Each structure stands twice: as structure tokens, then as C-alpha cells.
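Colleague: Take a look at the following structure, please.
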Amino acid sequence: MPPDPLVKGLLSGDRIALAKLITDVESGSPRASEALRTVYARTGRSTVVGFAGPLGVGKSSLISRLVRYLRTEGLKVGVVAVDPSSPFSGGAVLGDRVRLDLPRGDKGVFVRSMATRGQAGGLAQGTRDTVRLMEAFGMDVVIVETVGSGQSDVNIRDVATTRVVVLVPHLGDDIQSLKAGLFEIADIFAVNKSDLPGSAEAVRHLREMTTIMSPRSDWRPDVTECSALNATGIEELWKKIQRHEDFVRKESSAHQESRDRLKKELRELLQRKLEERLRSMLLEDGEVEEWARQVEEGKIDPYTGSDRIVQRLSGQGRSKTVSRRSPRLDKGARPRG
Amino acid sequence: MPLRGKTSEVSTKERPLRVIIAKPGLDGHDRGAKVVARALRDAGMEVIYLGLRQTPETIVEAAIEEDADVIGLSLLSGAHMSLIPRVMKLLKDKKVRGVSVVAGGIIPDEDATRLRKIGVKGIFGPGSTLETIIQQVQNAGGRHAS
Ligand SMILES: Nc1nc2c(ncn2[C@@H]2O[C@H](COP(=O)(O)OP(=O)(O)OP(=O)(O)O)[C@@H](O)[C@H]2O)c(=O)[nH]1
Ligand SMILES: [Mg+2]
């Protein structure tokens, strides 16, 4: 197969090519898999940082400051900002760019907004592969902003090697609900809006909590304070991120996590591919359709119907010679009376 | 017994239209633009909202990065005859294909004619209904309302 011109473009710094490939990845097209296969060897070396945390705590504003700082350090940065799709219309308002105030015309930055399109867990299905495309494009750092639904932003674990959970002073009851999810993913807590009162207390409180928590690995979550408004604490935050990245490179417990991550990815990909195969089999197979119709018409119950369909499909998986007789004529497959 | 409807085509859902909404120029609020953004979302589109005071350069850069189908510009300031042609020119210069531009605001008829001539796909005045806007955006994005 001739090489995809978009992949060639991606590798030679063409921003339009990167954008188009992300679109392919988002819609899970075969072209995307081919492109990812080609660039996979070039990925896995960038620093991938996740920003999670409740709505409106200042994730985008903080990312904006961090990107500016990283640019002064000469690092190229990709940003993927995820917002939820409406479960009703499937549409979305992706608003993170409003707060991403980045240098104009800077070719060392690339921002992409992404809707979850029905995916739970705070990320979109294509987020991980979008990060990979940005790595292949040459970004030294890729930052992922999760949906901001608070405790359900857990999928960031599968994508980012360092996870920053952003909080604000006066967490109040929030801290209780945080235990449920975000506490398990945080490598670093950033108390943003430190220009507001109560910041020092919040930091102290979080430090206490991290000492009584049972650690996930040998890493004890770091706590730092910052203000995206006043641009303070940004360099400090980056130092802490780097400290964690160093830890990940050295520690065996972190290596285990990265192996688990790949195992999980393989399983997810497999599941997705099998689902796709299944869908086309269901559409193509007349006998399956016949069972489905019997369920729809109330002739058999859905439990029996789904059992029959599974039997039919697994039979088909074993041997191609299974006949395509109508289930009504097939004694063995008749619903039990 | 004949088997019913054998289709080899796997149903692949069309991806949502991606629409940039921006309010270039210097005027004050963006309530109208936000209402339009939400209406487009409710019509199933993915709206990348840029907010106020964007320059044509940042708008076009965002359209590239977001692989947008449509750019929707909301203008009140009367600067439409400089801002919109600038967006059109940048799209051309940067070889951005497949992005349509629509604009809303107070745009006199003779200006609208000239804007259409340089390729603006939809223009709506202050009295336009949300349905009209949704339809124009869908048309501009090459999708026709079903
Ligand atoms: N006082 C103060 N306000 C801030 C600071 N950082 C952000 N904000 C404000 O907080 C609000 C939300 O900021 P965003 O950056 O959009 O927060 P976010 O977490 O990305 O929000 P979502 O993506 O909607 O979850 C905005 O009005 C910001 O101006 C800060 O350090 N201090
Ligand atoms: Mg945000």
C-alpha cells in the first residue's frame, strides 16, 4: 500500500494533516488504524500530562499558563481538551479554547477540542490515539484536559503518565466525594486560585490526606498551589510534574502500571474490533435477523432470542458450512416450550 | 424460505458537523453567539466556541486545528467588510479546503452580495430564527436537513 499522504504530512510538520488524521482517529476509520500503525514506533517518548478536576476549577486557564511557560523553555506542546457530548442530541459545546490564551501564530503549539461522543470516564474514545498523533508530530509535551466531571474522570489513567488533579480553596464537602475517584488517580494536587483566601488551609488539608491514604505505588501524591490568574506557582508545578516523570522512568511499580496500561489498551481494541465484526455479521446474517424478528413480534422472549443468536454466531465462527436454514425449520434451534 | 434483506454495508454514523463560533471585533457581549452555539449543539453539532475578540488569524488557526466544517462569525461592530474578507483570504492562503464560512449580524444587502461573491455561504440578519441559522449552517457544512 502506498504511504498515506496525510501521514507523510504529519511527519513533516503539516498542521492540516495532523488535524485531518485526528478526525479519522475520532471516527475510528480504517485509515486511522493504518496511520497509527505507521507512527506507533515514534510515540511513547513525550511527557503526557493529564489535568482532571471538578468543573470550573481553572484547568484550562492553568494549562494556558503552563503552555506559555513550556514555550519559553523551548518545548513544543500539544493540548487535547475534552468536553461532554449531549446525550440527547449528540452535539456538544467545546468551550476550553476560550480560556486557552496562547501566543498567536505559534507553530510550536497545537490545540484540539474533543467531544466524548458517548464515552464515559472523562475522555473520548480517540483521546489516547490523538495524543499519539501529536507525539509523532513532534510535540515534546502533550497535555490532556478531562471533561471536569469530578470523580468520574478516571480514564485519564490510561492515557497520561502524570496526572494533575486541580482543586480550589474551600473544597468543603467536595473533598469527601473526591475520595471516590480523583484521589486514586492524582500524582499531583494543584490547588489553583491561590489568590483567593483559604488556599494555605486547603494545601495543608490535602497534605494530611495524602499521608493517611494508602499509596497506589511508592509515589506519595505531591501538593502544590498556584494561581492561573496571577501566573504564580506555574514553574513549581512543572518541576513537580518532572519529578514524577523521573519517578515513572525509574520505579518498577510504575513500569508495571505502564504494562497494565498496554494490556488494557489491547483488550479494549480487541473488544472494539470484535464488536465491529459482530455488527456486520448481525446485519449480514439472515437467520440472526429472523430470530430478532421473532423477538420483536413477541413470538419468543428476548432471553431465548439472544441465546439463539449467540449460538448461531458462535456456530458460524467455528465452521463456514453451517446452513442458513430458517430457525423455524431447524428443530435443534427451536425455542424451548 | 428466502432470507430477508442481506446488506453488506455496516452502518457507519456520519460524524457530527464541527462548527467554530467566534465573535471577532471589539464589541462587548457574546450572549447571542452563545445562544446560537447551544442551538447548534442541540441540532447535533460539535461547536468549538472561541468567544470574544478573536482575530481572523486566530479564528483560521482554530479552524485548521479543529478540522472544522464551518466557521460561524457573529458581528455587531460593522467591521464585517474587513474581518470577513480577511478570514476568507487566510483560508485561501493557508490552503484550507472544505471549510465554509457563515456570518450573522447587521449586514446591509449590498455588503451581503459582495460577501457572497467572495464565497461566504450564509448570511443572517438580527431577525433570523434559530431554525434558519441551523439550516444554513447545515447547508454550509454540506449536510442537508432530513
Ligand atoms: N481567581 C481566580 N480565578 C481563576 C483562576 N484560574 C481560573 N480562574 C477563573 O475560573 C473560571 C473557570 O476557569 P477555566 O480555566 O475555564 O476552568 P476549567 O476547569 O477549565 O473549566 P471547565 O473546563 O469548564 O471544567 C474562569 O472564570 C477563570 O477566569 C485563578 O487562579 N484565580
Ligand atoms: Mg476547561
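Just remember, in the C-alpha cells the first chain shown is A, the second B, etc., residues are 1-based per chain, and ligands are 1-based in the order shown.
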Taking only C-alpha atoms and all ligand atoms into account, which residues have an atom no farther than 7 Å from ligand 2? I'd like them as a list in words.
Modeller: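 Based on only C-alpha atoms and all ligand atoms, ligand 2 is surrounded within 7 Å by Gly56, Gly58, Lys59, Ser60, Gly95, Asp96 and Glu145 of chain A.
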Colleague: Please return as number ranges by chain: the residues of region 131-235 of chain A that backbone DSSP assigns to strand (DSSP E or B).
Modeller: A: 141-145, 149, 162-167, 188-191, 222-225, 227, 232
Colleague: Can you tell me which residues come within 9 Å of ligand 1 when counting only C-alpha atoms and all ligand atoms, ideally as a count of residues only?
Modeller: 46
Colleague: Would you work out the distance separating CA of Ser89 (chain A) from CA of Arg41 (chain B), expressed in Å to one decimal?
Modeller: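 If I compute the distance from CA of Ser89 (chain A) to CA of Arg41 (chain B), I get 7.1 Å.
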Colleague: Considering only C-alpha atoms, give me a table of residues in chain A that are at most 7 Å from chain B, with the closest atom pair and distance in Å for each, as a tab-separated table.
Modeller:
```
residue	atom	partner	partner_atom	distance
A:Arg15	CA	B:Glu65	CA	7.0
A:Ile16	CA	B:Ile64	CA	6.0
A:Ala19	CA	B:Glu65	CA	5.3
A:Lys20	CA	B:Asp67	CA	6.2
A:Ser27	CA	B:Arg15	CA	6.8
A:Ser89	CA	B:Gly44	CA	4.7
A:Gly90	CA	B:Gly44	CA	5.0
A:Gly91	CA	B:Gly44	CA	3.8
A:Ala92	CA	B:Glu46	CA	4.6
A:Val93	CA	B:Val47	CA	4.8
A:Leu94	CA	B:Ile48	CA	4.7
A:Gly95	CA	B:Tyr49	CA	5.1
A:Arg97	CA	B:Leu50	CA	5.8
A:Val98	CA	B:Leu50	CA	5.0
A:Arg104	CA	B:Thr58	CA	6.8
A:Phe110	CA	B:Glu65	CA	6.7
A:Val111	CA	B:Glu65	CA	6.4
A:Arg112	CA	B:Glu66	CA	5.6
A:Ser113	CA	B:Glu66	CA	6.6
A:Ser280	CA	B:Val10	CA	5.4
A:Leu283	CA	B:Thr7	CA	6.3
A:Glu284	CA	B:Lys6	CA	5.2
A:Asp285	CA	B:Lys6	CA	7.0
A:Gly286	CA	B:Leu3	CA	5.2
A:Ser326	CA	B:Met1	CA	6.7
```
Colleague: I'd like the interatomic distance between CA of Leu206 (chain A) and CA of Thr162 (chain A), to a tenth of an Å.
Modeller: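 Interatomic distance here is 18.0 Å.
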Colleague: Any chance you could list, as an NGL selection string, the residues in chain B that come up alpha helix (DSSP H) when DSSP is run on the backbone?
Modeller: :B and (31-42 or 56-65 or 80-93 or 109-117 or 130-140)
Colleague: What's around Pro126 (chain B) at 8 Å? Count only C-alpha atoms, leave out sequence neighbours fewer than 5 positions away in its own chain, and write the answer as a PyMOL selection string.
Modeller: chain B and resi 104-106
Colleague: Tell me, as a PyMOL selection string, which residues lie within 10 Å of region 108-119 of chain B, counting only C-alpha atoms; anything in the same chain fewer than 2 positions away does not count.
Modeller: chain B and resi 78+80-81+84-85+88-89+100-103+105-106+121-125
Colleague: Might you pull out every residue within 9 Å of Gly98 (chain B), with only C-alpha atoms counted and same-chain residues fewer than 3 positions away left off, and present them as a list in words?
Modeller: Ala68, Asp69, Val70 and Gly141 of chain B
Colleague: Keeping only C-alpha atoms, take the residues you just selected and write them out as a PDB file, in the first residue's frame.
Modeller:
```
ATOM      1  CA  ALA B  68     -13.879  22.420  11.294  1.00  0.00           C
ATOM      2  CA  ASP B  69     -16.523  22.144   8.582  1.00  0.00           C
ATOM      3  CA  VAL B  70     -17.997  25.569   9.160  1.00  0.00           C
ATOM      4  CA  GLY B 141     -21.378  22.115   6.000  1.00  0.00           C
TER       5      GLY B 141
END
```
Colleague: Excluding same-chain residues fewer than 4 positions from Leu36 (chain A), what lies within 9 Å of it counting only C-alpha atoms, as a PyMOL selection string?
Modeller: chain A and resi 7+25+31-32+40+129+132-133
Colleague: Could you please take those selected residues and save N, CA, C and O atoms as a tab-separated table (two decimals), in the first residue's frame?
Modeller:
```
chain	number	residue	atom	x	y	z
A	7	VAL	N	-0.07	10.93	6.47
A	7	VAL	CA	0.99	10.52	7.40
A	7	VAL	C	2.29	11.21	7.03
A	7	VAL	O	3.01	11.71	7.90
A	25	VAL	N	-9.08	9.47	13.48
A	25	VAL	CA	-8.95	8.73	14.73
A	25	VAL	C	-10.23	8.84	15.55
A	25	VAL	O	-10.71	7.86	16.11
A	31	ARG	N	-8.53	4.10	8.00
A	31	ARG	CA	-7.37	4.91	7.66
A	31	ARG	C	-6.58	5.29	8.91
A	31	ARG	O	-5.36	5.32	8.92
A	32	ALA	N	-7.33	5.54	10.00
A	32	ALA	CA	-6.69	5.91	11.26
A	32	ALA	C	-5.83	4.77	11.78
A	32	ALA	O	-4.70	4.98	12.21
A	40	TYR	N	3.38	4.41	15.23
A	40	TYR	CA	3.44	3.92	16.62
A	40	TYR	C	4.86	3.94	17.20
A	40	TYR	O	5.08	4.33	18.34
A	129	ASP	N	-5.22	7.99	21.10
A	129	ASP	CA	-4.58	7.97	19.78
A	129	ASP	C	-4.29	9.38	19.27
A	129	ASP	O	-3.34	9.58	18.52
A	132	ARG	N	-1.08	10.25	20.65
A	132	ARG	CA	-0.01	9.60	19.88
A	132	ARG	C	0.31	10.38	18.60
A	132	ARG	O	1.47	10.53	18.23
A	133	LEU	N	-0.75	10.84	17.92
A	133	LEU	CA	-0.51	11.61	16.69
A	133	LEU	C	0.28	12.88	17.00
A	133	LEU	O	1.17	13.27	16.25
```
